[in-house]
file upload.txt (compact mmCIF, C-alpha atoms and all ligand atoms)
# COMPACT_ATOMS: atom_id res chain seq x y z
CA MET A 1 -12.80 39.53 -35.90
CA ALA A 2 -9.72 37.86 -37.34
CA SER A 3 -7.53 39.14 -34.52
CA ILE A 4 -9.95 37.88 -31.88
CA LYS A 5 -9.97 34.43 -33.46
CA ASN A 6 -6.18 34.40 -33.55
CA THR A 7 -6.04 35.41 -29.92
CA PHE A 8 -8.49 32.65 -29.02
CA ARG A 9 -6.37 30.08 -30.84
CA LEU A 10 -3.27 31.33 -29.06
CA VAL A 11 -4.95 31.05 -25.67
CA LEU A 12 -6.10 27.52 -26.43
CA ALA A 13 -2.59 26.59 -27.52
CA CYS A 14 -1.17 27.98 -24.28
CA ILE A 15 -3.69 25.99 -22.22
CA LEU A 16 -2.88 22.80 -24.12
CA ILE A 17 0.87 23.25 -23.73
CA SER A 18 0.70 24.02 -20.03
CA SER A 19 -1.59 21.03 -19.39
CA LEU A 20 0.71 18.62 -21.20
CA ALA A 21 3.82 19.97 -19.49
CA SER A 22 2.55 19.76 -15.94
CA ALA A 23 3.01 16.68 -13.80
CA GLN A 24 0.52 14.52 -12.03
CA THR A 25 1.02 11.39 -9.99
CA ALA A 26 -1.13 8.50 -8.83
CA THR A 27 0.40 6.59 -5.95
CA LEU A 28 -0.54 3.84 -3.55
CA GLY A 29 1.01 3.61 -0.10
CA SER A 30 1.04 1.56 3.07
CA ALA A 31 2.10 2.94 6.45
CA THR A 32 4.06 -0.19 7.35
CA GLY A 33 4.78 -1.87 4.01
CA ILE A 34 4.38 -5.25 5.66
CA TYR A 35 1.76 -7.93 6.10
CA ASP A 36 1.41 -10.69 8.67
CA ALA A 37 1.45 -14.43 7.97
CA LYS A 38 -1.65 -14.71 10.17
CA GLY A 39 -3.69 -12.87 7.54
CA GLY A 40 -5.66 -9.76 8.35
CA VAL A 41 -6.59 -6.30 7.11
CA LEU A 42 -4.28 -3.62 5.75
CA THR A 43 -5.01 0.08 5.30
CA LEU A 44 -3.75 1.48 2.00
CA THR A 45 -3.59 5.12 0.95
CA ALA A 46 -4.40 6.27 -2.59
CA THR A 47 -3.19 9.69 -3.70
CA VAL A 48 -3.78 11.57 -6.95
CA ILE A 49 -1.90 14.86 -7.29
CA TYR A 50 -3.29 17.03 -10.05
CA PRO A 51 -1.38 19.02 -12.69
CA ALA A 52 0.02 22.33 -11.54
CA THR A 53 -2.41 23.99 -13.94
CA ALA A 54 -5.50 22.57 -12.23
CA ASN A 55 -7.75 25.22 -10.72
CA THR A 56 -5.80 28.08 -12.30
CA VAL A 57 -6.60 30.77 -14.84
CA GLY A 58 -5.29 29.39 -18.10
CA GLY A 59 -6.02 32.35 -20.34
CA VAL A 60 -8.24 35.30 -21.18
CA VAL A 61 -10.29 35.65 -24.35
CA VAL A 62 -10.93 39.28 -25.35
CA ALA A 63 -14.58 39.55 -26.44
CA ALA A 64 -14.56 43.25 -27.39
CA GLY A 65 -11.40 45.35 -27.65
CA GLY A 66 -13.05 48.67 -26.84
CA SER A 67 -11.58 51.94 -28.07
CA GLY A 68 -9.68 55.05 -27.03
CA TYR A 69 -6.96 53.31 -25.06
CA SER A 70 -3.84 55.48 -24.99
CA GLY A 71 -2.18 53.47 -22.23
CA LEU A 72 -2.41 49.93 -20.92
CA PRO A 73 -5.44 49.25 -18.72
CA THR A 74 -4.85 47.38 -15.48
CA VAL A 75 -6.28 43.83 -15.48
CA THR A 76 -7.64 42.29 -12.31
CA PHE A 77 -9.65 39.15 -11.58
CA SER A 78 -12.62 38.86 -9.27
CA GLY A 79 -14.42 35.81 -7.94
CA GLY A 80 -14.06 32.27 -9.26
CA GLY A 81 -13.21 30.87 -5.84
CA GLY A 82 -9.44 31.34 -6.22
CA ALA A 83 -6.80 34.00 -5.77
CA GLY A 84 -3.49 35.23 -7.07
CA ALA A 85 -4.10 35.38 -10.81
CA THR A 86 -2.52 38.41 -12.52
CA ALA A 87 -2.36 39.48 -16.16
CA THR A 88 -1.35 42.34 -18.42
CA ALA A 89 -3.22 43.85 -21.37
CA GLU A 90 -1.83 44.57 -24.82
CA VAL A 91 -3.16 47.56 -26.74
CA THR A 92 -2.98 48.11 -30.49
CA GLY A 93 -4.62 51.02 -32.27
CA GLY A 94 -6.46 52.15 -29.15
CA ALA A 95 -8.07 48.75 -28.58
CA VAL A 96 -7.18 45.90 -26.22
CA THR A 97 -6.06 43.07 -28.47
CA ALA A 98 -4.80 40.50 -25.97
CA VAL A 99 -4.41 39.70 -22.28
CA ARG A 100 -1.35 37.77 -21.12
CA ILE A 101 -1.43 35.70 -17.96
CA VAL A 102 1.48 36.59 -15.66
CA ASN A 103 0.48 34.45 -12.69
CA PRO A 104 -2.20 31.76 -13.17
CA GLY A 105 -3.19 31.91 -9.48
CA ALA A 106 -4.60 28.95 -7.58
CA GLY A 107 -7.79 27.51 -6.18
CA TYR A 108 -10.16 28.57 -8.95
CA THR A 109 -13.29 26.49 -9.23
CA SER A 110 -14.92 28.61 -11.95
CA PRO A 111 -13.69 31.32 -14.34
CA PRO A 112 -13.20 34.65 -12.50
CA VAL A 113 -14.59 37.92 -13.85
CA VAL A 114 -12.02 40.00 -15.79
CA ILE A 115 -11.97 43.68 -14.81
CA PHE A 116 -10.17 46.44 -16.75
CA SER A 117 -9.41 49.87 -15.25
CA GLY A 118 -7.50 52.90 -16.49
CA GLY A 119 -5.69 53.20 -19.81
CA GLY A 120 -7.91 56.04 -21.00
CA GLY A 121 -10.31 54.00 -23.08
CA THR A 122 -13.64 52.28 -22.73
CA GLY A 123 -15.66 49.30 -23.84
CA VAL A 124 -13.24 46.35 -23.42
CA THR A 125 -14.77 43.09 -22.26
CA ALA A 126 -13.10 39.75 -21.83
CA ASN A 127 -13.72 36.29 -20.41
CA ALA A 128 -11.28 34.26 -18.36
CA VAL A 129 -10.75 30.55 -19.04
CA ALA A 130 -10.24 28.52 -15.89
CA ILE A 131 -8.56 25.12 -16.06
CA LEU A 132 -10.87 23.01 -13.99
CA PRO A 133 -10.74 19.37 -12.89
CA GLN A 134 -13.23 17.16 -14.67
CA ALA A 135 -12.74 13.61 -13.51
CA ILE A 136 -10.36 11.40 -11.56
CA GLY A 137 -10.07 7.66 -12.00
CA PHE A 138 -8.12 5.16 -9.93
CA LEU A 139 -7.71 1.46 -10.60
CA VAL A 140 -5.93 -1.00 -8.33
CA LYS A 141 -5.36 -4.73 -8.77
CA LEU A 142 -4.92 -6.75 -5.58
CA PRO A 143 -2.94 -10.00 -5.29
CA SER A 144 -4.82 -13.30 -5.56
CA GLY A 145 -6.99 -13.96 -2.53
CA TRP A 146 -7.08 -10.32 -1.40
CA GLY A 147 -10.33 -8.34 -1.28
CA PHE A 148 -11.67 -4.81 -0.77
CA ALA A 149 -13.17 -4.26 2.70
CA SER A 150 -14.04 -0.58 3.24
CA GLN A 151 -12.95 2.96 2.51
CA ALA A 152 -12.86 6.47 3.97
CA LEU A 153 -13.16 9.27 1.40
CA PRO A 154 -12.10 12.81 2.40
CA VAL A 155 -14.43 15.76 2.82
CA GLY A 156 -15.31 17.27 -0.54
CA ALA A 157 -14.92 14.05 -2.52
CA ALA A 158 -17.69 11.84 -3.82
CA ALA A 159 -17.03 8.65 -5.76
CA VAL A 160 -19.47 7.86 -8.56
CA THR A 161 -17.76 4.48 -8.94
CA SER A 162 -16.50 2.52 -5.95
CA PRO A 163 -15.36 -1.05 -5.27
CA ALA A 164 -17.68 -3.55 -3.60
CA VAL A 165 -16.67 -5.66 -0.61
CA GLY A 166 -14.59 -8.62 -1.77
CA ASP A 167 -13.52 -7.11 -5.12
CA SER A 168 -9.94 -7.81 -6.18
CA THR A 169 -9.95 -5.25 -9.01
CA LEU A 170 -10.80 -1.91 -7.40
CA GLU A 171 -12.02 0.97 -9.49
CA TRP A 172 -12.90 4.46 -8.37
CA GLY A 173 -14.35 7.33 -10.38
CA PHE A 174 -14.71 10.86 -9.01
CA LEU A 175 -16.50 13.84 -10.53
CA SER A 176 -16.09 16.09 -7.49
CA PHE A 177 -13.00 16.36 -5.30
CA PRO A 178 -10.92 18.86 -3.34
CA ALA A 179 -8.48 21.21 -5.06
CA GLU A 180 -4.85 20.24 -5.66
CA ARG A 181 -4.95 16.62 -4.60
CA LEU A 182 -7.26 13.76 -3.69
CA ARG A 183 -6.14 11.33 -1.02
CA TRP A 184 -8.20 8.61 0.58
CA THR A 185 -7.70 5.41 2.52
CA PHE A 186 -9.21 1.99 2.03
CA ASP A 187 -8.92 -1.32 3.82
CA VAL A 188 -8.19 -4.62 2.13
CA SER A 189 -8.32 -8.07 3.66
CA TYR A 190 -5.77 -10.77 2.88
CA PRO A 191 -5.62 -14.49 3.62
CA PRO A 192 -3.36 -16.32 6.08
CA GLY A 193 -0.39 -18.41 5.02
CA LEU A 194 1.25 -16.04 2.52
CA SER A 195 5.04 -15.96 2.42
CA ALA A 196 6.50 -14.14 -0.61
CA SER A 197 6.21 -10.40 -1.24
CA GLN A 198 2.76 -9.30 -2.31
CA VAL A 199 2.46 -6.79 -5.15
CA VAL A 200 -0.48 -4.40 -5.50
CA THR A 201 -0.49 -2.74 -8.90
CA VAL A 202 -1.92 0.60 -10.00
CA ASP A 203 -3.22 0.90 -13.56
CA ALA A 204 -1.61 4.16 -14.63
CA THR A 205 -3.82 4.77 -17.64
CA GLN A 206 -6.96 4.46 -15.51
CA SER A 207 -5.58 6.28 -12.48
CA ALA A 208 -5.44 9.83 -13.69
CA TYR A 209 -6.87 13.28 -13.51
CA ARG A 210 -8.63 14.53 -16.63
CA PRO A 211 -7.70 16.77 -18.31
CA GLY A 212 -4.05 15.99 -17.84
CA PRO A 213 -1.04 14.25 -19.34
CA LEU A 214 -1.78 11.06 -21.24
CA SER A 215 0.68 8.98 -19.27
CA ILE A 216 1.66 9.14 -15.63
CA SER A 217 3.90 7.24 -13.26
CA ALA A 218 2.04 4.90 -10.92
CA PRO A 219 4.47 2.55 -9.16
CA ALA A 220 3.33 -0.78 -7.76
CA LEU A 221 3.14 -1.25 -4.01
CA VAL A 222 5.26 -4.14 -2.69
CA LEU A 223 4.30 -5.55 0.71
CA VAL A 224 6.69 -7.90 2.48
CA LEU A 225 6.05 -10.52 5.12
CA GLY A 226 6.80 -8.63 8.31
CA ARG A 227 7.30 -11.16 11.07
CA HIS A 228 8.54 -14.71 11.56
CA SER A 229 6.03 -16.78 13.57
CA ALA A 230 8.77 -17.58 16.07
CA ASP A 231 9.35 -13.86 16.72
CA SER A 232 6.56 -13.59 19.29
CA ASN A 233 7.44 -10.10 20.46
CA GLY A 234 7.81 -8.84 16.87
CA ASP A 235 11.20 -7.15 17.36
CA GLY A 236 12.79 -8.59 14.20
CA LYS A 237 15.01 -10.94 16.24
CA ILE A 238 14.79 -14.53 17.44
CA ASP A 239 15.75 -14.70 21.11
CA LEU A 240 16.37 -17.79 23.26
CA ALA A 241 12.83 -17.91 24.68
CA GLU A 242 11.42 -17.71 21.15
CA LEU A 243 13.75 -20.46 19.90
CA THR A 244 12.79 -22.58 22.90
CA ARG A 245 9.14 -22.29 21.94
CA VAL A 246 9.89 -23.64 18.44
CA ILE A 247 11.87 -26.50 20.02
CA GLN A 248 8.79 -27.18 22.16
CA LEU A 249 6.64 -27.47 19.03
CA TYR A 250 9.32 -29.64 17.39
CA ASN A 251 9.23 -31.98 20.41
CA THR A 252 5.48 -32.61 20.24
CA ARG A 253 4.79 -36.32 20.68
CA ASN A 254 1.94 -38.63 19.85
CA GLY A 255 2.51 -41.47 22.26
CA THR A 256 6.16 -42.35 21.92
CA VAL A 257 6.56 -40.88 18.44
CA ARG A 258 7.91 -37.36 18.01
CA THR A 259 5.61 -35.67 15.47
CA GLY A 260 6.39 -31.95 15.74
CA ARG A 261 2.69 -31.32 15.20
CA TYR A 262 1.05 -28.01 16.11
CA LEU A 263 -2.36 -26.36 15.75
CA VAL A 264 -3.56 -22.83 15.15
CA GLN A 265 -4.69 -21.19 18.38
CA ALA A 266 -6.23 -17.78 17.83
CA SER A 267 -5.59 -16.47 21.34
CA GLY A 268 -3.91 -17.40 24.58
CA SER A 269 -0.53 -18.48 23.22
CA GLU A 270 2.52 -16.34 22.59
CA ASP A 271 2.83 -17.28 18.91
CA GLY A 272 -0.75 -18.04 17.86
CA PHE A 273 -0.11 -21.79 17.83
CA SER A 274 -0.45 -24.70 20.22
CA ILE A 275 0.89 -28.23 20.58
CA ASP A 276 -1.07 -30.99 18.84
CA GLY A 277 -0.43 -34.17 20.83
CA THR A 278 -3.35 -36.13 19.40
CA THR A 279 -2.90 -36.25 15.63
CA PRO A 280 -0.87 -39.28 14.47
CA ASN A 281 2.38 -38.68 12.68
CA ILE A 282 1.23 -40.17 9.39
CA ALA A 283 -2.05 -38.20 9.15
CA THR A 284 -2.34 -35.50 6.52
CA VAL A 285 -3.65 -32.23 7.93
CA SER A 286 -4.48 -28.85 6.49
CA LEU A 287 -4.24 -25.82 8.78
CA ALA A 288 -5.83 -22.40 8.38
CA ARG A 289 -2.31 -20.99 8.53
CA TYR A 290 1.16 -22.33 9.11
CA HIS A 291 4.03 -21.48 11.41
CA THR A 292 6.75 -19.72 9.41
CA ALA A 293 9.22 -22.40 10.52
CA ASP A 294 7.00 -25.04 8.89
CA SER A 295 8.31 -24.15 5.46
CA ASP A 296 6.76 -27.14 3.66
CA LYS A 297 3.41 -26.34 5.32
CA ASN A 298 2.56 -29.85 6.46
CA GLY A 299 1.62 -28.98 10.04
CA LYS A 300 4.81 -30.49 11.47
CA ILE A 301 8.13 -28.97 12.54
CA THR A 302 10.93 -31.25 11.34
CA LEU A 303 14.57 -31.22 12.38
CA VAL A 304 15.57 -29.44 9.18
CA GLU A 305 12.94 -26.76 9.83
CA LEU A 306 14.04 -26.36 13.45
CA THR A 307 17.64 -26.07 12.26
CA ARG A 308 16.64 -23.14 10.07
CA VAL A 309 15.21 -21.31 13.10
CA ILE A 310 18.42 -22.07 15.02
CA GLU A 311 20.32 -20.56 12.07
CA LEU A 312 18.31 -17.33 12.38
CA TYR A 313 18.69 -17.38 16.19
CA SER A 314 22.47 -17.71 15.77
CA VAL A 315 22.91 -14.63 13.58
CA ARG A 316 25.71 -12.44 14.88
CA SER A 317 26.77 -8.86 14.56
CA GLY A 318 30.49 -9.01 15.23
CA ALA A 319 30.91 -10.97 18.45
CA THR A 320 27.32 -10.42 19.59
CA ARG A 321 24.51 -12.83 18.83
CA THR A 322 21.52 -10.79 17.63
CA GLY A 323 19.16 -13.31 16.02
CA ALA A 324 18.17 -10.57 13.56
CA TYR A 325 16.33 -11.46 10.35
CA LEU A 326 14.74 -9.64 7.42
CA PRO A 327 12.04 -10.48 4.86
CA GLN A 328 13.60 -12.12 1.79
CA ASP A 329 11.77 -13.58 -1.17
CA GLY A 330 13.00 -16.91 -2.52
CA THR A 331 14.11 -18.49 0.76
CA GLU A 332 12.31 -21.48 2.29
CA ASP A 333 10.59 -19.35 4.94
CA GLY A 334 10.50 -15.89 3.31
CA PHE A 335 13.26 -14.55 5.57
CA ALA A 336 17.02 -14.27 5.66
CA PRO A 337 19.65 -13.65 8.36
CA ALA A 338 20.35 -9.92 8.88
CA PRO A 339 23.95 -9.80 10.05
CA CA A 401 11.82 -11.52 19.01
CA CA A 402 7.03 -29.03 8.04
call {"tool": "encode", "arguments": {"input": "upload.txt", "output": "structure tokens"}}
result
Amino acid sequence: MASIKNTFRLVLACILISSLASAQTATLGSATGIYDAKGGVLTLTATVIYPATANTVGGVVVAAGGSGYSGLPTVTFSGGGGAGATATAEVTGGAVTAVRIVNPGAGYTSPPVVIFSGGGGTGVTANAVAILPQAIGFLVKLPSGWGFASQALPVGAAAVTSPAVGDSTLEWGFLSFPAERLRWTFDVSYPPGLSASQVVTVDATQSAYRPGPLSISAPALVLVLGRHSADSNGDGKIDLAELTRVIQLYNTRNGTVRTGRYLVQASGSEDGFSIDGTTPNIATVSLARYHTADSDKNGKITLVELTRVIELYSVRSGATRTGAYLPQDGTEDGFAPAP
């Protein structure tokens, strides 16, 4: 019995070592990496990749060594839902004393049956130990004002814990999931009027496959403001027609006074805004969202703000005016010239 116990300990040690050494990742992605100043809904993708040892045969425990073995019996595996596992037997004193895994295989969802053939002896029995997934967690923290909207889980996955609509801390827990990796998408809503980069964080300690390494890498997802309000056609450049539209907003008058006032117009205008010729210059207004050019967000385009748009319009590449811009945190409008 002592040798069987030693073998069992050795197998457990091998399982532990291989689990700790294998990698897993928990990542959050966005197809575009950008959001819109108008507010809206973004689809994010969560992915958990399991350790290389998941769903493999991690070891074999010899239950009875048998007797009469003059050569090494051939070891094969049957069932268990997977394939590819191979192993060799060790014989001492006519009995099988150990089975060494050569290839752990893949896709096992339960321990396969261990079959011995040949070697001249009889009576050996052994049990395979499969390394099986147990649980997956995933925890995401959204920026202020963002909220969970909906999700689409893949076939073969069922969440026992899921976020509710409007949650800003999103937690998932899975007890069943496909082999190798779990990937799903979920939609989050975000408010209008944002300007700086938005950071969605993944809690690495909560976003992991168990059993698995104790710490994993789970980088934050940074989303940048994708489009200047003046860039009506969304090509990353301010052209003359787009600049002219901002000048039109700048020239808004209330009577004889130039106010530069504008209003949000959900549809029917090229930039989602319209001229406000009725609000007096001195009135204080609050809009549902603001034109990117209106960097102090007071509902009015001033000369300084118009000048900034002209600066972006005037960006050159060599001798050619391009009007190209890029998202840039820390500037008055969240953008910078892209020469
Ligand atoms: Ca444009
Ligand atoms: Ca303003």
call {"tool": "residues_near_ligand", "arguments": {"input": "upload.txt", "ligand": "ligand CA 402 (chain A)", "cutoff": "10 Å", "atoms": "all atoms listed in the file", "output": "ChimeraX atom specification"}}
result
/A:250,260-261,290-306
call {"tool": "closest_residue", "arguments": {"input": "upload.txt", "among": "A:Val224, A:Leu326, A:Val48, A:Leu142", "to": "Arg183 (chain A)", "atoms": "all atoms listed in the file"}}
result
A:Val48
call {"tool": "residues_around", "arguments": {"input": "upload.txt", "residues": "Pro191 (chain A)", "least_positions_apart": "4", "cutoff": "7 Å", "atoms": "all atoms listed in the file", "output": "PDB file with C-alpha atoms, keeping the file's coordinate frame"}}
result
ATOM      1  CA  GLY A  39      -3.690 -12.870   7.540  1.00  0.00           C
ATOM      2  CA  GLY A  40      -5.660  -9.760   8.350  1.00  0.00           C
ATOM      3  CA  GLY A 145      -6.990 -13.960  -2.530  1.00  0.00           C
ATOM      4  CA  TRP A 146      -7.080 -10.320  -1.400  1.00  0.00           C
TER       5      TRP A 146
END
call {"tool": "residues_around", "arguments": {"input": "upload.txt", "residues": "Val200 (chain A)", "least_positions_apart": "4", "cutoff": "10 Å", "atoms": "all atoms listed in the file", "output": "PyMOL selection string"}}
result
chain A and resi 28-29+140-144+146+219-223
call {"tool": "residues_near_ligand", "arguments": {"input": "upload.txt", "ligand": "ligand CA 401 (chain A)", "cutoff": "9 Å", "atoms": "all atoms listed in the file", "output": "list in words"}}
result
His228, Ala230, Asp231, Ser232, Asn233, Gly234, Asp235, Gly236, Lys237, Ile238, Asp239, Leu240, Ala241, Glu242, Gly323 and Ala324 of chain A
